[in-house]
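Heads up, entry_21.txt below (compact mmCIF, C-alpha atoms (C1' of nucleotides)):
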# COMPACT_ATOMS: atom_id res chain seq x y z
CA MET A 1 41.17 70.09 94.77
CA ARG A 2 42.74 66.67 94.78
CA ALA A 3 44.28 65.47 97.96
CA ALA A 4 47.67 65.52 96.27
CA ASP A 5 47.43 69.27 95.86
CA ILE A 6 47.35 69.82 99.58
CA ALA A 7 51.13 69.74 99.61
CA GLU A 8 51.18 72.92 97.56
CA GLU A 9 49.08 74.87 100.00
CA ARG A 10 50.85 77.69 101.69
CA CYS A 11 50.07 76.34 105.11
CA SER A 12 52.37 74.92 107.70
CA ILE A 13 49.81 72.39 108.78
CA ALA A 14 48.73 71.27 105.33
CA ARG A 15 52.23 70.59 104.09
CA PRO A 16 53.31 68.33 106.93
CA ALA A 17 49.88 66.73 106.78
CA ALA A 18 50.39 65.88 103.13
CA LEU A 19 53.60 64.07 104.03
CA LEU A 20 52.57 62.43 107.29
CA GLY A 21 48.83 62.19 106.76
CA ASP A 22 48.22 58.62 105.84
CA ARG A 23 47.52 55.52 107.80
CA TRP A 24 51.05 54.20 107.81
CA THR A 25 53.53 57.01 107.96
CA LEU A 26 52.91 57.93 111.56
CA VAL A 27 53.31 54.38 112.82
CA ILE A 28 56.41 53.96 110.68
CA LEU A 29 57.85 56.98 112.43
CA ARG A 30 56.79 55.63 115.79
CA GLN A 31 58.84 52.54 115.04
CA ALA A 32 61.76 54.63 113.88
CA PHE A 33 61.73 56.52 117.17
CA SER A 34 61.58 53.25 119.04
CA GLY A 35 64.83 52.23 117.39
CA ILE A 36 63.80 50.22 114.35
CA LYS A 37 66.04 50.81 111.38
CA ARG A 38 65.91 47.90 108.96
CA PHE A 39 63.39 47.33 106.20
CA GLU A 40 62.64 43.81 107.37
CA ASP A 41 62.02 44.94 110.91
CA PHE A 42 59.62 47.66 109.87
CA GLN A 43 57.85 45.19 107.68
CA SER A 44 57.47 42.39 110.18
CA SER A 45 56.64 44.61 113.14
CA LEU A 46 53.96 46.51 111.25
CA GLY A 47 52.62 43.92 108.86
CA ILE A 48 52.59 46.54 106.12
CA SER A 49 52.96 45.28 102.58
CA ARG A 50 56.48 45.48 101.24
CA SER A 51 55.54 47.61 98.29
CA LEU A 52 53.84 50.22 100.42
CA LEU A 53 56.62 50.22 102.98
CA SER A 54 59.15 50.73 100.23
CA GLU A 55 57.17 53.62 98.84
CA ARG A 56 56.62 55.26 102.24
CA LEU A 57 60.24 54.96 103.30
CA GLY A 58 61.27 56.40 99.97
CA LYS A 59 58.99 59.37 100.47
CA LEU A 60 60.32 60.02 103.93
CA VAL A 61 63.89 59.81 102.67
CA GLU A 62 63.09 62.15 99.83
CA ALA A 63 61.49 64.59 102.24
CA GLY A 64 64.58 64.47 104.44
CA VAL A 65 62.95 62.89 107.46
CA LEU A 66 64.90 59.65 107.16
CA ARG A 67 68.37 58.98 105.83
CA ARG A 68 69.17 55.71 104.13
CA GLU A 69 72.67 54.49 104.68
CA PRO A 70 74.64 51.30 104.40
CA TYR A 71 76.25 49.97 107.55
CA LYS A 72 78.33 47.02 108.49
CA ASP A 73 76.66 44.33 110.45
CA ALA A 74 78.77 41.64 112.15
CA VAL A 75 78.72 39.74 108.90
CA ARG A 76 77.82 41.97 106.00
CA THR A 77 76.77 45.34 104.72
CA ARG A 78 73.11 46.22 105.10
CA ASP A 79 70.98 49.27 104.61
CA ARG A 80 69.23 51.05 107.37
CA TYR A 81 66.92 54.00 107.70
CA ARG A 82 67.71 56.52 110.38
CA LEU A 83 65.96 59.64 111.53
CA THR A 84 67.67 62.82 110.42
CA GLU A 85 67.73 65.96 112.52
CA MET A 86 64.56 66.97 110.70
CA GLY A 87 63.04 63.62 111.59
CA LEU A 88 64.04 63.83 115.22
CA ASP A 89 62.29 67.18 115.35
CA LEU A 90 59.03 65.37 114.70
CA TYR A 91 59.24 64.03 118.23
CA PRO A 92 56.84 66.66 119.61
CA VAL A 93 54.28 65.67 116.98
CA LEU A 94 54.43 62.05 118.08
CA MET A 95 54.36 63.04 121.73
CA ALA A 96 51.34 65.25 121.17
CA LEU A 97 49.51 62.39 119.48
CA ARG A 98 50.52 60.02 122.24
CA GLU A 99 49.38 62.29 125.04
CA TRP A 100 46.04 62.73 123.34
CA GLY A 101 45.74 59.02 122.67
CA ASP A 102 46.57 58.24 126.27
CA ARG A 103 43.92 60.62 127.48
CA TYR A 104 41.09 59.63 125.18
CA MET A 105 41.75 56.28 123.58
CA ALA A 106 43.46 54.17 126.22
CA GLU A 107 40.70 52.68 128.33
CA GLU A 108 43.09 50.38 130.09
CA GLY A 109 45.74 52.94 130.82
CA PRO A 110 48.63 54.17 128.72
CA PRO A 111 50.46 51.32 126.98
CA LEU A 112 53.74 53.22 127.13
CA ARG A 113 55.37 55.36 129.72
CA ILE A 114 58.01 57.84 128.62
CA ARG A 115 60.96 58.34 130.90
CA HIS A 116 63.41 61.19 131.01
CA LYS A 117 66.79 59.52 130.96
CA GLY A 118 68.30 62.23 133.08
CA CYS A 119 66.10 62.08 136.14
CA GLY A 120 63.50 59.39 135.54
CA GLY A 121 60.64 61.88 135.42
CA GLU A 122 57.96 62.02 132.77
CA PRO A 123 58.25 64.51 129.93
CA THR A 124 55.05 66.27 128.96
CA LEU A 125 54.23 68.82 126.31
CA GLU A 126 53.37 72.32 127.34
CA LEU A 127 52.14 75.10 125.14
CA ARG A 128 53.60 78.16 126.75
CA CYS A 129 53.70 81.78 125.78
CA SER A 130 57.30 82.71 125.07
CA LYS A 131 56.68 86.22 126.33
CA CYS A 132 54.68 85.90 129.53
CA GLY A 133 55.43 82.24 130.23
CA ASP A 134 51.81 81.33 130.86
CA GLN A 135 50.37 78.04 129.72
CA VAL A 136 48.20 78.61 126.66
CA GLY A 137 45.15 76.68 125.44
CA ALA A 138 43.31 76.63 122.14
CA ARG A 139 40.93 79.32 123.34
CA ASP A 140 43.65 81.66 124.54
CA SER A 141 45.34 82.14 121.21
CA GLU A 142 44.52 83.39 117.77
CA ALA A 143 46.05 83.09 114.34
CA LEU A 144 47.24 86.08 112.34
CA PRO A 145 48.70 86.27 108.85
CA GLY A 146 52.49 85.91 108.93
CA PRO A 147 55.33 86.91 106.61
CA GLY A 148 55.01 83.79 104.42
CA LEU A 149 51.47 84.69 103.50
CA LYS A 150 52.24 88.23 102.46
CA ALA A 151 54.99 86.94 100.18
CA ALA A 152 52.33 85.35 97.99
CA MET B 153 47.62 43.73 108.60
CA ARG B 154 45.24 45.97 106.76
CA ALA B 155 45.45 49.65 107.43
CA ALA B 156 42.01 49.53 109.00
CA ASP B 157 43.28 47.25 111.75
CA ILE B 158 45.66 49.88 113.03
CA ALA B 159 42.88 51.31 115.13
CA GLU B 160 42.80 48.12 117.18
CA GLU B 161 46.46 48.29 118.09
CA ARG B 162 47.14 48.86 121.73
CA CYS B 163 49.17 51.93 121.03
CA SER B 164 48.45 55.53 121.81
CA ILE B 165 50.03 56.71 118.63
CA ALA B 166 48.46 54.15 116.31
CA ARG B 167 44.93 54.80 117.48
CA PRO B 168 44.94 58.54 116.99
CA ALA B 169 46.81 57.98 113.74
CA ALA B 170 44.03 55.73 112.50
CA LEU B 171 41.53 58.52 113.13
CA LEU B 172 43.57 61.53 112.02
CA GLY B 173 45.91 59.87 109.57
CA ASP B 174 44.56 60.71 106.21
CA ARG B 175 45.06 63.56 103.85
CA TRP B 176 41.99 65.50 104.82
CA THR B 177 41.27 65.10 108.49
CA LEU B 178 44.12 67.26 109.71
CA VAL B 179 43.26 70.15 107.45
CA ILE B 180 39.60 69.81 108.37
CA LEU B 181 40.63 70.20 111.98
CA ARG B 182 42.83 73.14 111.12
CA GLN B 183 39.77 74.84 109.68
CA ALA B 184 37.72 73.92 112.72
CA PHE B 185 40.30 75.57 114.98
CA SER B 186 40.28 78.62 112.78
CA GLY B 187 36.58 79.00 113.43
CA ILE B 188 34.89 77.25 110.55
CA LYS B 189 31.75 75.43 111.59
CA ARG B 190 29.43 74.93 108.66
CA PHE B 191 29.51 72.14 106.10
CA GLU B 192 29.45 74.57 103.20
CA ASP B 193 32.32 76.56 104.58
CA PHE B 194 34.48 73.50 105.09
CA GLN B 195 33.66 72.38 101.59
CA SER B 196 34.31 75.62 99.78
CA SER B 197 37.42 76.52 101.75
CA LEU B 198 39.04 73.12 101.26
CA GLY B 199 37.71 72.05 97.89
CA ILE B 200 37.14 68.58 99.29
CA SER B 201 34.39 66.55 97.67
CA ARG B 202 31.10 66.67 99.50
CA SER B 203 30.89 62.96 99.94
CA LEU B 204 34.30 62.71 101.55
CA LEU B 205 33.69 65.71 103.73
CA SER B 206 30.46 64.21 104.90
CA GLU B 207 32.17 60.96 105.73
CA ARG B 208 35.11 62.60 107.51
CA LEU B 209 32.94 64.90 109.59
CA GLY B 210 30.79 61.92 110.52
CA LYS B 211 33.83 60.00 111.67
CA LEU B 212 35.06 62.89 113.76
CA VAL B 213 31.63 63.29 115.33
CA GLU B 214 31.45 59.59 116.05
CA ALA B 215 34.91 59.69 117.63
CA GLY B 216 33.82 62.59 119.81
CA VAL B 217 36.18 65.18 118.35
CA LEU B 218 33.39 67.26 116.85
CA ARG B 219 29.83 67.78 117.97
CA ARG B 220 27.09 68.36 115.48
CA GLU B 221 24.37 70.65 116.66
CA PRO B 222 21.59 72.75 115.22
CA TYR B 223 21.73 76.46 115.87
CA LYS B 224 19.64 79.43 114.98
CA ASP B 225 21.01 81.74 112.38
CA ALA B 226 19.48 85.18 111.94
CA VAL B 227 16.94 83.62 109.60
CA ARG B 228 16.78 79.87 110.11
CA THR B 229 18.03 76.77 111.83
CA ARG B 230 21.29 75.35 110.54
CA ASP B 231 23.69 72.65 111.58
CA ARG B 232 27.20 73.30 112.64
CA TYR B 233 30.16 71.25 113.71
CA ARG B 234 32.02 72.38 116.77
CA LEU B 235 35.10 71.08 118.50
CA THR B 236 34.35 69.24 121.70
CA GLU B 237 36.64 69.36 124.72
CA MET B 238 38.31 66.28 123.25
CA GLY B 239 38.72 68.09 119.96
CA LEU B 240 40.13 71.22 121.57
CA ASP B 241 42.72 69.01 123.23
CA LEU B 242 44.10 68.24 119.78
CA TYR B 243 45.47 71.76 119.69
CA PRO B 244 48.97 70.65 120.70
CA VAL B 245 49.00 68.14 117.84
CA LEU B 246 48.20 70.88 115.34
CA MET B 247 50.71 73.24 116.95
CA ALA B 248 53.41 70.59 116.82
CA LEU B 249 52.74 70.04 113.13
CA ARG B 250 52.71 73.74 112.50
CA GLU B 251 55.97 74.40 114.30
CA TRP B 252 57.62 71.62 112.33
CA GLY B 253 56.11 72.84 109.08
CA ASP B 254 57.27 76.38 109.80
CA ARG B 255 60.77 75.17 110.44
CA TYR B 256 61.19 72.84 107.50
CA MET B 257 58.57 73.51 104.88
CA ALA B 258 58.04 77.26 104.81
CA GLU B 259 60.72 78.67 102.56
CA GLU B 260 59.11 82.07 102.53
CA GLY B 261 58.53 82.31 106.24
CA PRO B 262 55.64 81.09 108.35
CA PRO B 263 52.27 81.82 106.74
CA LEU B 264 50.63 82.19 110.14
CA ARG B 265 51.67 83.76 113.36
CA ILE B 266 50.02 82.60 116.55
CA ARG B 267 49.30 85.20 119.19
CA HIS B 268 48.60 84.74 122.85
CA LYS B 269 45.45 86.77 123.45
CA GLY B 270 46.55 87.66 126.94
CA CYS B 271 49.86 89.37 126.30
CA GLY B 272 50.46 89.27 122.54
CA GLY B 273 53.41 86.89 122.83
CA GLU B 274 53.91 83.77 120.79
CA PRO B 275 52.99 80.39 122.26
CA THR B 276 55.46 77.58 121.58
CA LEU B 277 55.48 73.92 122.49
CA GLU B 278 57.98 72.67 124.99
CA LEU B 279 58.62 69.10 125.96
CA ARG B 280 59.59 69.37 129.59
CA CYS B 281 60.24 66.85 132.27
CA SER B 282 57.53 67.12 134.88
CA LYS B 283 59.97 66.16 137.58
CA CYS B 284 63.14 68.11 136.96
CA GLY B 285 61.68 70.75 134.67
CA ASP B 286 64.38 70.39 132.02
CA GLN B 287 63.60 70.59 128.35
CA VAL B 288 63.65 67.11 126.83
CA GLY B 289 64.51 66.01 123.29
CA ALA B 290 63.97 62.76 121.43
CA ARG B 291 67.37 61.50 122.47
CA ASP B 292 66.91 62.26 126.16
CA SER B 293 63.94 60.02 126.71
CA GLU B 294 63.04 56.38 126.39
CA ALA B 295 59.82 54.38 126.23
CA LEU B 296 58.89 51.77 128.79
CA PRO B 297 55.87 49.47 128.96
CA GLY B 298 53.01 51.08 130.86
CA PRO B 299 49.94 49.82 132.70
CA GLY B 300 47.81 49.51 129.58
CA LEU B 301 50.23 47.05 128.04
CA LYS B 302 50.32 44.75 131.02
CA ALA B 303 46.53 44.61 131.05
CA ALA B 304 46.66 42.68 127.77
C1' DA C 305 77.25 26.26 92.60
C1' DT C 306 73.87 26.53 95.67
C1' DA C 307 71.41 28.36 99.39
C1' DT C 308 69.89 32.07 102.19
C1' DA C 309 68.82 36.82 103.64
C1' DG C 310 67.89 41.58 102.88
C1' DG C 311 65.69 44.80 100.25
C1' DG C 312 63.04 45.70 96.79
C1' DT C 313 59.72 45.64 92.24
C1' DT C 314 55.73 43.87 89.57
C1' DC C 315 51.26 42.49 89.03
C1' DG C 316 46.32 41.64 89.27
C1' DG C 317 42.27 42.26 92.28
C1' DA C 318 40.03 44.79 96.09
C1' DT C 319 39.28 49.10 98.32
C1' DT C 320 38.95 53.89 98.57
C1' DC C 321 38.62 58.48 96.45
C1' DC C 322 36.69 61.70 93.61
C1' DG C 323 33.53 64.97 91.08
C1' DA C 324 29.21 65.45 89.23
C1' DA C 325 24.52 64.70 89.57
C1' DC C 326 20.67 64.04 92.38
C1' DG C 327 17.67 64.17 96.95
C1' DT C 328 15.53 66.69 100.71
C1' DA C 329 13.97 69.72 104.24
C1' DG C 330 13.24 74.30 105.56
C1' DC C 331 12.17 78.81 104.67
C1' DC C 332 11.00 82.95 101.41
C1' DT C 333 8.67 85.11 97.63
C1' DC C 334 5.35 85.74 94.56
C1' DG D 335 0.72 76.99 97.23
C1' DA D 336 4.21 76.60 93.43
C1' DG D 337 8.50 77.58 92.69
C1' DG D 338 13.22 78.81 94.25
C1' DC D 339 17.07 79.04 97.09
C1' DT D 340 20.14 77.35 100.60
C1' DA D 341 22.33 74.06 103.60
C1' DC D 342 23.50 69.48 103.92
C1' DG D 343 23.99 65.62 102.42
C1' DT D 344 23.72 60.66 99.35
C1' DT D 345 24.50 57.98 95.10
C1' DC D 346 27.02 56.62 91.31
C1' DG D 347 30.55 55.25 87.96
C1' DG D 348 35.30 55.91 86.79
C1' DA D 349 40.13 56.81 88.54
C1' DA D 350 43.63 56.34 91.84
C1' DT D 351 45.51 53.81 95.63
C1' DC D 352 46.26 49.71 98.50
C1' DC D 353 47.16 45.09 99.17
C1' DG D 354 49.36 40.36 99.26
C1' DA D 355 51.71 37.14 96.68
C1' DA D 356 55.16 36.19 93.61
C1' DC D 357 59.22 37.34 91.56
C1' DC D 358 64.12 39.70 91.06
C1' DC D 359 68.84 41.07 92.35
C1' DT D 360 72.94 41.37 95.08
C1' DA D 361 75.87 39.66 98.89
C1' DT D 362 77.66 36.59 101.71
C1' DA D 363 77.96 31.63 103.73
C1' DT D 364 78.56 26.67 102.87

Let's see the structure in the file written out as structure tokens.
Amino acid sequence: MRAADIAEERCSIARPAALLGDRWTLVILRQAFSGIKRFEDFQSSLGISRSLLSERLGKLVEAGVLRREPYKDAVRTRDRYRLTEMGLDLYPVLMALREWGDRYMAEEGPPLRIRHKGCGGEPTLELRCSKCGDQVGARDSEALPGPGLKAA
Amino acid sequence: MRAADIAEERCSIARPAALLGDRWTLVILRQAFSGIKRFEDFQSSLGISRSLLSERLGKLVEAGVLRREPYKDAVRTRDRYRLTEMGLDLYPVLMALREWGDRYMAEEGPPLRIRHKGCGGEPTLELRCSKCGDQVGARDSEALPGPGLKAA
DNA sequence: ATATAGGGTTCGGATTCCGAACGTAGCCTC
DNA sequence: GAGGCTACGTTCGGAATCCGAACCCTATAT
């Protein structure tokens, strides 16, 4: 199998991975969540080559994660890339990566602190059972075939 | 900046992304969580080339996500790759991807159902404020510089 | 009309990926 | 004790991808 074929897999991890799984896309999204919208700003803040940035942004737009739209600056009309609802829903993915990175790859302490605007507390991810409410770890759960697999 | 330099960024998203951000690593980890341990089984279940698999597994071992260890089969000694504690802690990352994939990329329904072994319920990720306990979305939180950034 | 800025595209060269072929270390069988 | 098989890689050349630099196009702004 070529890597490109991963996107066709009937697997809800493989398909997002095919879209997000390259060295740039995740940091592009990080910037998008931090408020960056313009091509130039992505480019200069990341140092990515313009051709690759163009291609990646295009892919994200095509996938529906970003929306490209013109907007009026003080002086002129520009384009900007904004997260769609679908894109905003990637927030837990980024948060999960960040929590893991903070725990295992930040020798000098977490470079960012996340703040809940409402109360100033710190949001954290919890994997909780929707039935019993207990916190669940990797060892406490198992995977079973679901409806999408039977449809094959 | 070359893509390889991303790993040096002082950012808890960029560093994990540099390790996990390629087309194969995430699906390799998916297989590891689903119980696959042997080189041959990774290779045949994914169709990845042996050279790349070897390189990826080596990187994950070096990073501390997997541990390579010999073990005694019924007949002989083999090697296997197992998730370390650090690797098991990637579970939320995979779950976040899966939830997103189920929502947006599974036209025929989720291919997998996750089951809490304890009660049979379905574990889901929640981003909750550790102070007020409210559920938090992308728009309800903001990023501030943390200790690791000041140490620069 | 000329200059500047934003947002790309094009183009070679460098890097990475890939599949197929080969290497090797145990065991098992004859 | 000579093959054979299995598990686990490594090596190799060609194909795909990445990269930076240079160029292009459209709007203002002067």

#### Entry: Check: which chain C residues lie within 8 Å of chain A using all atoms listed in the file, as a ChimeraX atom specification
/C:310-313,322

Convert the current residue selection to file output with C-alpha atoms (C1' of nucleotides), as a PDB file, keeping the file's coordinate frame.
ATOM      1  C1'  DG C 310      67.890  41.580 102.880  1.00  0.00           C
ATOM      2  C1'  DG C 311      65.690  44.800 100.250  1.00  0.00           C
ATOM      3  C1'  DG C 312      63.040  45.700  96.790  1.00  0.00           C
ATOM      4  C1'  DT C 313      59.720  45.640  92.240  1.00  0.00           C
ATOM      5  C1'  DC C 322      36.690  61.700  93.610  1.00  0.00           C
TER       6       DC C 322
END

### Query
Hey, can you pull every residue with an atom no more than 7 Å from (48.8, 52.9, 129.0), using only C-alpha atoms (C1' of nucleotides), and send it as a ChimeraX atom specification?
/A:102,106,108-112 /B:298-301

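Taking all atoms listed in the file into account, chain A lies nearest to D:DT351 out of the set D:DT345, D:DT351, D:DT340, D:DT364.
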
### Task
Provide the C1' of DT314 (chain C) to C1' of DC357 (chain D) distance in Å, to one decimal place.
7.7 Å

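Within the 12 Å cut-off around DC326 (chain C), using only C-alpha atoms (C1' of nucleotides) and omitting residues fewer than 4 positions from it on the same chain, the listed residues are DG343, DT344, DT345 and DC346 of chain D.
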
Include C-alpha atoms (C1' of nucleotides) and write out the residues we just selected as an mmCIF file, in the coordinates of the input.
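Result written to selection_18.cif:
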data_model
loop_
_atom_site.group_PDB
_atom_site.id
_atom_site.type_symbol
_atom_site.label_atom_id
_atom_site.label_comp_id
_atom_site.auth_asym_id
_atom_site.auth_seq_id
_atom_site.Cartn_x
_atom_site.Cartn_y
_atom_site.Cartn_z
ATOM 1 C "C1'" DG D 343 23.990 65.620 102.420
ATOM 2 C "C1'" DT D 344 23.720 60.660 99.350
ATOM 3 C "C1'" DT D 345 24.500 57.980 95.100
ATOM 4 C "C1'" DC D 346 27.020 56.620 91.310
#

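Interatomic distance, CA of Arg76 (chain A) to CA of Gln43 (chain A): 20.3 Å.
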
Taking a cut-off of 6 Å and counting all atoms listed in the file, can you build a table that, for each residue of chain A near chain B, reports the nearest atom pair and how far apart they are in Å (one decimal), sorted by chain then residue number, as a tab-separated table?
residue	atom	partner	partner_atom	distance
A:Met1	CA	B:Gly199	CA	5.1
A:Ser12	CA	B:Gly253	CA	4.5
A:Ile13	CA	B:Arg250	CA	4.9
A:Ala14	CA	B:Val179	CA	6.0
A:Pro16	CA	B:Gly253	CA	5.7
A:Ala18	CA	B:Arg175	CA	5.9
A:Gly21	CA	B:Asp174	CA	4.6
A:Asp22	CA	B:Asp174	CA	4.2
A:Arg23	CA	B:Gly173	CA	5.0
A:Val27	CA	B:Ala166	CA	6.0
A:Gly47	CA	B:Met153	CA	5.0
A:Tyr91	CA	B:Ala290	CA	5.9
A:Pro92	CA	B:Ala248	CA	5.9
A:Val93	CA	B:Ala248	CA	5.0
A:Ala96	CA	B:Val245	CA	5.0
A:Leu97	CA	B:Ile165	CA	5.8
A:Arg98	CA	B:Ile165	CA	4.9
A:Gly101	CA	B:Ser164	CA	4.5
A:Asp102	CA	B:Ser164	CA	5.5
A:Glu108	CA	B:Gly300	CA	4.8
A:Gly109	CA	B:Gly300	CA	4.2
A:Pro110	CA	B:Gly300	CA	4.8
A:Pro111	CA	B:Gly300	CA	4.1
A:Leu112	CA	B:Gly298	CA	4.4
A:Arg113	CA	B:Gly298	CA	5.0
A:Ile114	CA	B:Ala295	CA	4.6
A:Arg115	CA	B:Glu294	CA	5.3
A:His116	CA	B:Ser293	CA	4.5
A:Lys117	CA	B:Ser293	CA	5.1
A:Gly121	CA	B:Lys283	CA	4.8
A:Glu122	CA	B:Cys281	CA	5.4
A:Pro123	CA	B:Cys281	CA	3.9
A:Thr124	CA	B:Leu279	CA	5.5
A:Leu125	CA	B:Leu279	CA	4.4
A:Glu126	CA	B:Glu278	CA	5.2
A:Leu127	CA	B:Leu277	CA	4.4
A:Arg128	CA	B:Pro275	CA	5.1
A:Cys129	CA	B:Pro275	CA	3.9
A:Ser130	CA	B:Glu274	CA	5.6
A:Lys131	CA	B:Gly273	CA	4.8
A:Ala138	CA	B:Tyr243	CA	5.9
A:Asp140	CA	B:Lys269	CA	5.5
A:Ser141	CA	B:His268	CA	4.5
A:Glu142	CA	B:Arg267	CA	5.3
A:Ala143	CA	B:Ile266	CA	4.6
A:Leu144	CA	B:Arg265	CA	5.1
A:Pro145	CA	B:Leu264	CA	4.7
A:Gly146	CA	B:Leu264	CA	4.3
A:Pro147	CA	B:Gly261	CA	5.6
A:Gly148	CA	B:Pro263	CA	4.1
A:Leu149	CA	B:Pro263	CA	4.4

### Distance in Å - CA of Arg219 (chain B) versus CA of Glu9 (chain A)
27.3 Å
